[in-house]
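Coordinates from my_file_12.cif are shown below (mmCIF, C-alpha atoms).
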```cif
data_structure
#
loop_
_atom_site.label_atom_id
_atom_site.label_comp_id
_atom_site.auth_asym_id
_atom_site.auth_seq_id
_atom_site.Cartn_x
_atom_site.Cartn_y
_atom_site.Cartn_z
CA MET B 1 85.37 123.31 100.71
CA THR B 2 88.85 123.39 99.24
CA ARG B 3 91.98 122.48 101.14
CA PHE B 4 95.53 122.51 99.91
CA LEU B 5 98.16 119.80 100.18
CA SER B 6 101.86 120.18 99.39
CA VAL B 7 103.37 117.72 96.96
CA LEU B 8 107.07 117.12 97.58
CA ALA B 9 107.35 120.79 98.54
CA ALA B 10 106.93 121.68 94.86
CA ALA B 11 103.26 121.31 93.97
CA VAL B 12 99.90 122.09 95.51
CA LEU B 13 96.99 119.69 95.71
CA ALA B 14 93.52 121.10 96.00
CA VAL B 15 91.01 118.64 97.42
CA LEU B 16 87.52 119.29 96.15
CA PRO B 17 84.47 117.20 97.17
CA LEU B 18 82.51 115.96 94.20
CA ALA B 19 78.74 115.74 94.31
CA THR B 20 77.46 113.30 96.91
CA LEU B 21 75.30 110.61 95.35
CA ALA B 22 74.36 108.67 98.50
CA GLN B 23 75.06 108.30 102.16
CA ASP B 24 77.76 105.94 103.41
CA GLY B 25 76.90 102.30 102.78
CA PRO B 26 77.17 99.48 105.31
CA LEU B 27 80.42 98.10 103.88
CA ARG B 28 83.03 97.94 106.64
CA ILE B 29 86.00 95.79 107.64
CA GLU B 30 86.01 95.13 111.37
CA ILE B 31 89.68 94.75 112.33
CA THR B 32 90.24 92.30 115.17
CA GLU B 33 93.11 90.14 116.31
CA GLY B 34 91.68 87.10 114.55
CA VAL B 35 92.17 85.97 110.98
CA ILE B 36 90.57 88.40 108.56
CA GLU B 37 89.34 87.35 105.14
CA PRO B 38 90.58 90.09 102.79
CA LEU B 39 87.79 92.16 101.29
CA PRO B 40 87.58 91.74 97.49
CA PHE B 41 87.66 95.02 95.61
CA ALA B 42 87.85 96.11 91.99
CA VAL B 43 89.74 99.12 90.71
CA PRO B 44 89.50 99.43 86.91
CA ASN B 45 92.19 101.57 85.34
CA PHE B 46 91.28 105.19 86.02
CA VAL B 47 89.89 106.79 82.89
CA ALA B 48 92.46 108.84 80.98
CA GLU B 49 90.49 111.96 80.08
CA ASN B 50 93.11 113.07 77.57
CA THR B 51 95.95 111.42 75.66
CA ALA B 52 98.66 112.85 77.93
CA ALA B 53 97.15 111.02 80.90
CA ALA B 54 97.13 107.52 79.38
CA ASP B 55 100.27 106.10 80.98
CA MET B 56 99.93 107.97 84.25
CA SER B 57 96.36 106.80 84.83
CA GLN B 58 97.50 103.17 84.72
CA GLN B 59 100.48 103.79 87.00
CA LEU B 60 98.36 105.68 89.50
CA THR B 61 95.70 102.96 89.55
CA ARG B 62 98.36 100.33 90.29
CA VAL B 63 99.70 102.28 93.29
CA VAL B 64 96.18 102.59 94.72
CA ALA B 65 95.71 98.83 94.39
CA GLN B 66 99.13 98.04 95.87
CA ASP B 67 98.52 100.31 98.87
CA LEU B 68 95.28 98.54 99.72
CA MET B 69 96.57 95.02 99.13
CA GLY B 70 99.67 95.77 101.18
CA THR B 71 97.55 96.08 104.32
CA GLY B 72 96.53 92.44 104.13
CA LEU B 73 92.92 93.57 104.52
CA PHE B 74 92.03 93.79 100.83
CA ARG B 75 92.19 91.44 97.84
CA GLU B 76 92.07 92.84 94.32
CA ILE B 77 89.91 91.16 91.71
CA PRO B 78 92.15 91.04 88.61
CA PRO B 79 91.20 93.45 85.82
CA ASP B 80 90.90 90.60 83.32
CA ALA B 81 88.02 89.21 85.41
CA HIS B 82 86.00 92.43 85.12
CA ILE B 83 82.77 92.18 83.12
CA ALA B 84 81.91 95.88 83.06
CA ARG B 85 84.23 98.45 81.51
CA ILE B 86 84.53 101.96 82.90
CA THR B 87 84.94 104.34 79.98
CA SER B 88 83.64 107.55 81.57
CA PHE B 89 83.87 108.86 85.14
CA SER B 90 80.28 110.06 84.94
CA SER B 91 78.76 106.80 83.68
CA PRO B 92 76.33 105.06 86.06
CA VAL B 93 77.69 101.98 87.84
CA GLN B 94 76.41 98.62 86.59
CA TYR B 95 76.23 97.01 90.02
CA ALA B 96 75.06 93.61 88.72
CA ASP B 97 78.26 93.19 86.70
CA TRP B 98 80.43 93.86 89.75
CA LYS B 99 78.30 91.61 92.00
CA ALA B 100 78.76 88.82 89.46
CA ILE B 101 82.51 88.77 90.06
CA ASN B 102 82.08 89.09 93.85
CA ALA B 103 83.51 92.60 94.17
CA GLN B 104 82.35 94.13 97.45
CA ALA B 105 83.99 97.52 96.86
CA LEU B 106 84.46 99.36 93.58
CA ILE B 107 86.85 102.26 93.05
CA THR B 108 86.49 104.35 89.90
CA GLY B 109 88.56 107.33 88.88
CA ALA B 110 89.72 109.65 86.15
CA VAL B 111 93.02 111.36 85.37
CA SER B 112 93.83 114.31 83.15
CA VAL B 113 97.13 116.10 82.43
CA GLY B 114 97.08 119.75 81.44
CA ALA B 115 99.56 122.39 80.38
CA GLY B 116 102.80 122.62 82.33
CA GLY B 117 102.31 119.20 83.89
CA ALA B 118 99.12 120.09 85.77
CA LEU B 119 97.51 116.88 87.01
CA THR B 120 93.91 116.26 88.08
CA VAL B 121 92.76 113.01 89.71
CA LYS B 122 89.16 112.19 90.64
CA PHE B 123 87.79 109.10 92.33
CA ARG B 124 84.63 107.56 93.79
CA LEU B 125 84.12 104.56 96.09
CA TYR B 126 81.07 102.31 95.89
CA ASP B 127 79.59 99.61 98.11
CA VAL B 128 78.62 97.13 95.42
CA PHE B 129 76.13 95.00 97.37
CA SER B 130 74.20 97.92 98.83
CA GLY B 131 74.38 99.76 95.50
CA GLN B 132 75.52 103.01 97.11
CA GLU B 133 78.42 105.41 96.89
CA MET B 134 80.43 105.58 100.11
CA GLY B 135 80.81 109.23 100.99
CA SER B 136 81.68 111.97 98.53
CA GLY B 137 84.08 111.60 95.67
CA LEU B 138 87.23 113.69 95.82
CA GLN B 139 89.31 115.58 93.30
CA PHE B 140 93.06 116.24 93.70
CA ASN B 141 94.82 118.93 91.70
CA GLY B 142 98.59 119.12 91.54
CA THR B 143 101.45 118.35 89.17
CA THR B 144 102.68 115.19 87.53
CA SER B 145 105.72 115.13 89.84
CA GLY B 146 103.36 114.43 92.73
CA TRP B 147 101.32 111.68 91.13
CA ARG B 148 102.33 109.03 93.66
CA ARG B 149 101.14 111.23 96.52
CA MET B 150 97.78 111.60 94.77
CA ALA B 151 97.56 107.80 94.48
CA HIS B 152 98.37 107.40 98.19
CA LYS B 153 95.69 109.94 99.09
CA VAL B 154 93.09 108.09 97.05
CA ALA B 155 94.07 104.84 98.78
CA ASP B 156 94.03 106.56 102.18
CA ALA B 157 90.47 107.77 101.65
CA VAL B 158 89.31 104.30 100.54
CA TYR B 159 91.09 102.59 103.44
CA SER B 160 89.64 104.98 106.03
CA ARG B 161 86.10 104.81 104.73
CA ILE B 162 86.03 101.02 104.73
CA THR B 163 88.01 100.28 107.91
CA GLY B 164 87.19 103.31 110.05
CA GLU B 165 90.93 103.60 110.75
CA GLY B 166 93.04 106.71 110.17
CA PRO B 167 95.08 106.95 106.97
CA TYR B 168 98.82 106.26 106.67
CA PHE B 169 99.84 105.74 103.03
CA ASP B 170 100.70 109.41 102.41
CA SER B 171 103.68 109.34 104.74
CA ARG B 172 107.44 108.92 104.61
CA VAL B 173 110.13 107.00 106.46
CA VAL B 174 113.61 108.20 107.37
CA TYR B 175 116.13 105.42 107.95
CA VAL B 176 119.81 104.47 107.91
CA ALA B 177 120.89 103.19 104.48
CA GLU B 178 123.77 100.70 104.81
CA THR B 179 126.43 99.49 102.40
CA GLY B 180 129.56 97.38 102.74
CA PRO B 181 130.40 94.19 104.67
CA LYS B 182 128.98 93.52 108.11
CA ASP B 183 132.27 94.34 109.86
CA ASN B 184 132.71 97.64 107.98
CA ARG B 185 129.26 99.11 107.35
CA ARG B 186 128.98 102.55 105.80
CA LYS B 187 125.86 104.39 106.87
CA ARG B 188 123.97 107.46 105.69
CA LEU B 189 120.53 108.89 106.29
CA ALA B 190 117.89 108.35 103.63
CA ILE B 191 114.24 109.24 103.28
CA MET B 192 111.58 107.48 101.19
CA ASP B 193 107.84 107.15 100.75
CA TYR B 194 106.32 104.63 103.14
CA ASP B 195 106.36 102.00 100.36
CA GLY B 196 110.04 102.48 99.43
CA ALA B 197 109.59 104.83 96.47
CA ASN B 198 111.25 108.23 95.93
CA VAL B 199 114.43 107.58 97.90
CA GLN B 200 116.56 110.63 98.71
CA TYR B 201 119.84 110.64 100.65
CA LEU B 202 120.20 113.28 103.36
CA THR B 203 123.82 112.69 104.41
CA ASP B 204 126.91 111.08 102.95
CA SER B 205 128.57 107.96 104.38
CA SER B 206 131.72 109.65 105.67
CA SER B 207 130.70 109.13 109.32
CA ILE B 208 128.42 106.78 111.24
CA VAL B 209 124.86 108.02 111.71
CA LEU B 210 122.26 106.50 114.02
CA ALA B 211 118.69 106.88 115.27
CA PRO B 212 117.01 109.33 112.88
CA ARG B 213 113.72 110.62 114.31
CA PHE B 214 111.08 112.76 112.59
CA SER B 215 109.65 115.93 114.07
CA PRO B 216 105.86 116.00 114.65
CA THR B 217 105.44 118.04 111.45
CA GLY B 218 107.78 115.89 109.37
CA ASP B 219 109.98 118.81 108.32
CA ARG B 220 112.98 118.07 110.57
CA VAL B 221 114.95 115.01 111.59
CA LEU B 222 117.00 114.43 114.73
CA TYR B 223 119.87 111.98 114.52
CA THR B 224 123.11 110.96 116.18
CA SER B 225 126.43 111.28 114.31
CA TYR B 226 129.99 110.20 115.09
CA GLU B 227 131.36 112.92 112.81
CA THR B 228 133.56 114.33 115.59
CA GLY B 229 134.65 110.93 116.86
CA PHE B 230 132.04 110.61 119.59
CA PRO B 231 128.23 110.72 119.41
CA ARG B 232 126.53 114.10 119.09
CA ILE B 233 122.96 115.07 118.21
CA TYR B 234 122.14 116.98 115.04
CA VAL B 235 118.89 118.43 113.72
CA LEU B 236 118.42 118.42 109.95
CA ASP B 237 115.94 120.33 107.82
CA VAL B 238 114.45 117.83 105.35
CA ALA B 239 113.72 120.33 102.57
CA SER B 240 117.07 122.14 102.56
CA VAL B 241 119.17 119.32 104.07
CA GLY B 242 120.75 122.02 106.25
CA ARG B 243 121.78 120.84 109.69
CA ARG B 244 123.18 122.01 112.99
CA VAL B 245 124.57 120.35 116.08
CA LEU B 246 122.68 120.59 119.36
CA GLU B 247 125.21 121.51 122.02
CA THR B 248 124.95 119.24 125.05
CA GLY B 249 128.23 119.99 126.84
CA SER B 250 131.86 119.41 125.95
CA GLY B 251 133.31 115.99 126.66
CA SER B 252 129.88 114.37 126.92
CA MET B 253 128.27 111.82 124.62
CA SER B 254 124.67 112.52 123.57
CA PHE B 255 122.41 110.12 121.70
CA ALA B 256 118.88 108.61 121.38
CA PRO B 257 117.10 111.94 120.71
CA ARG B 258 113.38 112.30 120.14
CA PHE B 259 111.03 115.25 119.65
CA SER B 260 108.20 116.22 121.98
CA PRO B 261 104.70 116.33 120.42
CA ASN B 262 104.89 120.12 120.01
CA GLY B 263 108.31 119.93 118.35
CA GLN B 264 109.81 122.55 120.68
CA THR B 265 111.57 120.18 123.07
CA ILE B 266 113.67 117.08 122.65
CA VAL B 267 114.59 114.34 125.08
CA TYR B 268 117.86 112.49 124.80
CA SER B 269 120.45 110.48 126.69
CA LEU B 270 123.74 111.95 127.80
CA THR B 271 126.74 110.09 129.17
CA ASP B 272 128.93 112.20 131.44
CA GLY B 273 131.53 110.84 133.83
CA GLY B 274 130.49 107.26 133.12
CA ASN B 275 126.83 107.86 134.01
CA THR B 276 123.99 107.89 131.45
CA ASP B 277 120.83 109.86 132.19
CA ILE B 278 117.91 111.39 130.33
CA TYR B 279 117.77 115.12 129.63
CA SER B 280 115.35 117.47 127.91
CA MET B 281 116.33 120.47 125.79
CA ASP B 282 114.44 123.53 124.64
CA ILE B 283 115.49 123.70 120.98
CA THR B 284 115.13 127.47 120.73
CA SER B 285 117.20 128.41 123.78
CA GLY B 286 119.40 125.32 123.89
CA ARG B 287 118.82 125.05 127.64
CA SER B 288 118.95 121.46 128.96
CA THR B 289 117.31 119.98 132.05
CA ARG B 290 118.33 116.72 133.68
CA LEU B 291 115.32 114.41 134.15
CA THR B 292 116.90 111.33 135.79
CA SER B 293 119.65 111.04 138.41
CA ALA B 294 120.25 107.35 138.93
CA PRO B 295 123.54 105.42 138.83
CA SER B 296 121.96 103.10 136.28
CA ILE B 297 121.73 103.54 132.50
CA GLU B 298 118.65 105.49 131.37
CA THR B 299 118.08 105.82 127.63
CA ALA B 300 115.66 105.56 124.65
CA PRO B 301 113.08 108.09 125.90
CA SER B 302 109.78 108.60 124.05
CA PHE B 303 106.97 111.07 124.81
CA SER B 304 103.31 110.22 125.22
CA PRO B 305 101.16 111.86 122.50
CA ASP B 306 99.94 114.53 124.93
CA GLY B 307 103.49 115.32 126.01
CA SER B 308 102.81 114.69 129.70
CA ARG B 309 104.83 111.51 130.21
CA ILE B 310 107.98 109.78 128.97
CA VAL B 311 108.60 106.06 128.59
CA PHE B 312 112.23 104.93 128.67
CA GLU B 313 114.47 101.96 129.30
CA SER B 314 116.64 101.52 132.41
CA ASP B 315 118.65 98.80 134.12
CA ARG B 316 118.02 100.26 137.59
CA SER B 317 116.29 97.02 138.65
CA GLY B 318 119.30 94.92 137.58
CA SER B 319 118.09 94.18 134.05
CA GLN B 320 116.91 96.25 131.10
CA GLN B 321 113.24 97.17 131.69
CA LEU B 322 110.69 99.84 130.73
CA TYR B 323 109.62 102.74 132.95
CA ILE B 324 107.27 105.72 132.71
CA MET B 325 107.87 109.07 134.40
CA PRO B 326 106.39 112.60 134.15
CA ALA B 327 107.79 114.62 131.26
CA THR B 328 109.37 116.98 133.78
CA GLY B 329 111.20 114.13 135.54
CA GLY B 330 110.43 112.64 138.92
CA GLU B 331 109.42 109.25 140.21
CA ALA B 332 109.33 106.51 137.55
CA THR B 333 107.02 103.50 137.46
CA ARG B 334 108.16 100.19 136.03
CA ILE B 335 105.75 98.72 133.46
CA SER B 336 107.57 95.64 132.05
CA PHE B 337 107.59 92.45 134.11
CA GLY B 338 107.81 89.60 131.62
CA GLN B 339 110.74 87.26 131.24
CA GLY B 340 113.65 88.81 129.37
CA ARG B 341 114.98 92.29 128.66
CA TYR B 342 113.03 95.21 127.23
CA GLY B 343 114.25 98.24 125.29
CA THR B 344 113.59 100.93 122.61
CA PRO B 345 110.05 101.79 123.79
CA VAL B 346 107.93 104.02 121.54
CA TRP B 347 104.54 105.43 122.45
CA SER B 348 101.74 104.85 119.96
CA PRO B 349 100.28 107.99 118.33
CA ARG B 350 96.92 106.80 119.66
CA GLY B 351 98.30 106.85 123.19
CA ASP B 352 97.01 103.41 124.15
CA LEU B 353 100.02 101.18 123.45
CA ILE B 354 103.79 101.15 123.77
CA ALA B 355 105.88 99.23 121.24
CA PHE B 356 109.21 97.75 122.35
CA THR B 357 112.07 95.39 121.58
CA LYS B 358 112.30 92.29 123.77
CA GLN B 359 115.17 89.84 124.11
CA SER B 360 114.32 86.49 125.66
CA LYS B 361 115.77 82.98 125.37
CA GLY B 362 118.16 83.96 122.61
CA ARG B 363 115.47 85.50 120.39
CA PHE B 364 114.47 89.09 119.68
CA HIS B 365 110.88 90.23 119.43
CA ILE B 366 108.87 93.31 118.56
CA GLY B 367 105.95 93.62 120.95
CA VAL B 368 103.28 95.94 122.27
CA MET B 369 101.78 96.46 125.72
CA ARG B 370 99.29 98.75 127.38
CA THR B 371 100.74 101.82 129.05
CA ASP B 372 100.32 100.17 132.46
CA GLY B 373 102.27 97.13 131.23
CA GLY B 374 99.20 94.96 130.76
CA GLU B 375 98.26 92.80 127.77
CA GLU B 376 101.79 92.31 126.51
CA ARG B 377 101.75 90.82 123.03
CA LEU B 378 104.76 89.72 120.97
CA LEU B 379 104.29 90.31 117.25
CA THR B 380 107.54 88.94 115.80
CA ALA B 381 110.44 86.62 116.60
CA SER B 382 113.82 86.27 114.89
CA PHE B 383 117.58 86.29 115.30
CA LEU B 384 117.46 90.10 115.66
CA ASP B 385 114.38 92.33 115.50
CA GLU B 386 114.67 95.81 117.03
CA GLY B 387 113.78 99.50 116.89
CA PRO B 388 110.00 99.75 116.31
CA THR B 389 108.35 102.86 114.85
CA TRP B 390 104.62 103.54 114.50
CA SER B 391 102.61 104.39 111.39
CA PRO B 392 100.72 107.70 111.68
CA ASN B 393 97.46 105.91 112.48
CA GLY B 394 98.96 103.60 115.13
CA ARG B 395 97.95 100.49 113.20
CA VAL B 396 101.27 99.28 111.75
CA ILE B 397 104.78 98.98 113.18
CA MET B 398 107.98 99.13 111.12
CA PHE B 399 111.27 97.80 112.51
CA THR B 400 114.74 96.49 111.68
CA ARG B 401 115.42 92.79 111.12
CA GLU B 402 118.98 91.56 110.77
CA THR B 403 119.91 88.13 109.45
CA GLN B 404 122.48 85.88 111.09
CA GLY B 405 126.06 85.16 110.05
CA ALA B 406 129.01 86.96 108.53
CA GLN B 407 126.95 87.87 105.46
CA GLY B 408 123.94 88.96 107.49
CA ALA B 409 122.28 92.22 106.51
CA SER B 410 119.66 94.56 107.94
CA SER B 411 116.26 95.09 106.32
CA LEU B 412 113.10 96.94 107.19
CA TYR B 413 109.94 94.98 107.99
CA SER B 414 106.42 95.94 108.98
CA VAL B 415 103.70 94.14 110.91
CA ASP B 416 100.14 94.93 111.93
CA ILE B 417 99.58 95.40 115.68
CA SER B 418 97.48 92.23 115.67
CA GLY B 419 100.60 90.31 114.57
CA ARG B 420 99.28 89.78 111.03
CA ASN B 421 100.75 90.76 107.68
CA LEU B 422 104.46 90.57 108.47
CA LYS B 423 106.35 91.67 105.34
CA GLN B 424 109.62 93.17 104.18
CA VAL B 425 109.65 96.83 103.15
CA ARG B 426 111.28 97.54 99.81
CA THR B 427 114.54 99.53 100.12
CA GLU B 428 117.58 100.19 97.96
CA GLY B 429 120.04 97.88 99.72
CA ALA B 430 120.42 97.20 103.44
CA ALA B 431 118.49 99.45 105.82
CA SER B 432 117.98 99.93 109.55
CA ASP B 433 116.58 102.19 112.27
CA PRO B 434 113.38 103.48 110.59
CA SER B 435 111.31 106.41 111.81
CA TRP B 436 107.84 106.88 110.36
CA SER B 437 106.71 110.43 109.59
CA PRO B 438 103.30 111.90 110.35
CA LEU B 439 100.91 112.24 107.43
CA GLN B 440 102.19 114.78 104.94
CA ASN B 441 100.34 118.09 104.75
#
```
Using the file provided, produce a representation of the structure as structure tokens.
Amino acid sequence: MTRFLSVLAAAVLAVLPLATLAQDGPLRIEITEGVIEPLPFAVPNFVAENTAAADMSQQLTRVVAQDLMGTGLFREIPPDAHIARITSFSSPVQYADWKAINAQALITGAVSVGAGGALTVKFRLYDVFSGQEMGSGLQFNGTTSGWRRMAHKVADAVYSRITGEGPYFDSRVVYVAETGPKDNRRKRLAIMDYDGANVQYLTDSSSIVLAPRFSPTGDRVLYTSYETGFPRIYVLDVASVGRRVLETGSGSMSFAPRFSPNGQTIVYSLTDGGNTDIYSMDITSGRSTRLTSAPSIETAPSFSPDGSRIVFESDRSGSQQLYIMPATGGEATRISFGQGRYGTPVWSPRGDLIAFTKQSKGRFHIGVMRTDGGEERLLTASFLDEGPTWSPNGRVIMFTRETQGAQGASSLYSVDISGRNLKQVRTEGAASDPSWSPLQN
């Protein structure tokens, strides 16, 4: 079967199964909350099947390796330790040579570049100790401009086959890029690959922008702008960078927007007459419906994956806490009861967890809890951690961390939901308020 994948809206990837050599082997990483010994793998440079592919094959191989190692679940065996040499994609695997260096997984591949920048990438994954290929090999056809996406797709397939988890490398992040001193920050929207590559700027820095949020299909972004002097919600088309304001009533302040799972509705907060409540809007008609009617502050709404419920933050109990209500409004149930204040809740794409920001005893934390408030678990702690966003597979959370002092700056960090593998995400300068896209099509 052939399926097609867009590459940066300019190229097409055709995914073609190669011949299956064996059934899936027993190799598998079982991800738990305990300490995991990274699985050793080998990925020899993908074979360059023609001269034009020589440099690209090495670059592509390195991105595959970096994707896997970045999870904290895999450890690469350095190429200079390899005994066997892969010189042809069709050559049989010498399993004894890979066992000798303790490789448990072996990834082999080939790259060719044709006329007009046509690019073909093939790969296979092997369980070294069982001596079997894991699933079918795949072939990706596209253009050289999309080579990084091909590398991410190879890594996604390897990751999913070994861990049993959904993929997430072939995704993007929209965020607020920041420049200037802390007391005079200039902000603009930017978009990048999940690993910080291919940065593009979507707005200029002439006005403050906040809270960018991807649509379920990744083609649009909601955000809040102070372009008119007070906060208003805009929707931006990622491909054309065209945008339009969503009218929410004159004299009102609207902010904290987020798409519904079907992309046809948004929820947002609106301040009118000193009162802040949550509203929904049909994007096509522009018709808004008020969902809360309390004298307290209700904000930061986020839909459940099935679109039936909304989690939000409110101070109706006297302090900032998390609540869940039906997506149509109605009675809300409090779910946060720990010590401290809770905010910026975001429902996991799996539907089982809610990520949040917590402030307690002078520290900020990123945490997760079950949708009934049970099993609260704090994953980070620092001077200021806030604004979590989920990876497409619900396994990793990205967030903003700001350092202390007059020279303090914001950066993006990520952490596994078990609390492992905390690391900074590479960005061009200071960055805040990330929103992770779904997998690209």
Evaluating the PyMOL selection byres ((chain B and resi 369) around 10) on the displayed file yields which residues, as a list in words?
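Taken over the shown coordinates, the PyMOL selection byres ((chain B and resi 369) around 10) returns Ile335, Ser336, Trp347, Asp352, Leu353, Ile354, Ala355, Phe356, Gly367, Val368, Arg370, Thr371, Asp372, Gly373, Gly374, Glu375, Glu376, Arg377 and Leu378 of chain B.
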Expansion of the PyMOL selection byres ((chain B and resi 72) around 9) into residues, as a list in words
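For this structure, the PyMOL selection byres ((chain B and resi 72) around 9) captures Ile36, Glu37, Pro38, Leu68, Met69, Gly70, Thr71, Leu73, Phe74, Arg75, Asp416, Arg420 and Asn421 of chain B.
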Any chance you could work out the residue set of the PyMOL selection byres ((chain B and resi 210) around 7) here, as a PyMOL selection string?
chain B and resi 176+208-209+211-212+223-225
Who sits within 9 Å of Tyr194 in chain B, only C-alpha atoms, same chain under 6 positions skipped, as a PDB file with C-alpha atoms, keeping the file's coordinate frame:
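The resulting file, part12.pdb, is shown below:
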```pdb
ATOM      1  CA  TYR B 168      98.820 106.260 106.670  1.00  0.00           C
ATOM      2  CA  PHE B 169      99.840 105.740 103.030  1.00  0.00           C
ATOM      3  CA  ASP B 170     100.700 109.410 102.410  1.00  0.00           C
ATOM      4  CA  SER B 171     103.680 109.340 104.740  1.00  0.00           C
ATOM      5  CA  ARG B 172     107.440 108.920 104.610  1.00  0.00           C
ATOM      6  CA  VAL B 173     110.130 107.000 106.460  1.00  0.00           C
ATOM      7  CA  VAL B 425     109.650  96.830 103.150  1.00  0.00           C
ATOM      8  CA  TRP B 436     107.840 106.880 110.360  1.00  0.00           C
ATOM      9  CA  SER B 437     106.710 110.430 109.590  1.00  0.00           C
TER      10      SER B 437
END
```
Any idea what's packed within 8 Å of Ile86 in chain B, counting all atoms listed in the file, ignoring anything in its chain fewer than 6 positions away? Could you give it as a VMD selection string?
chain B and resid 44 47 108
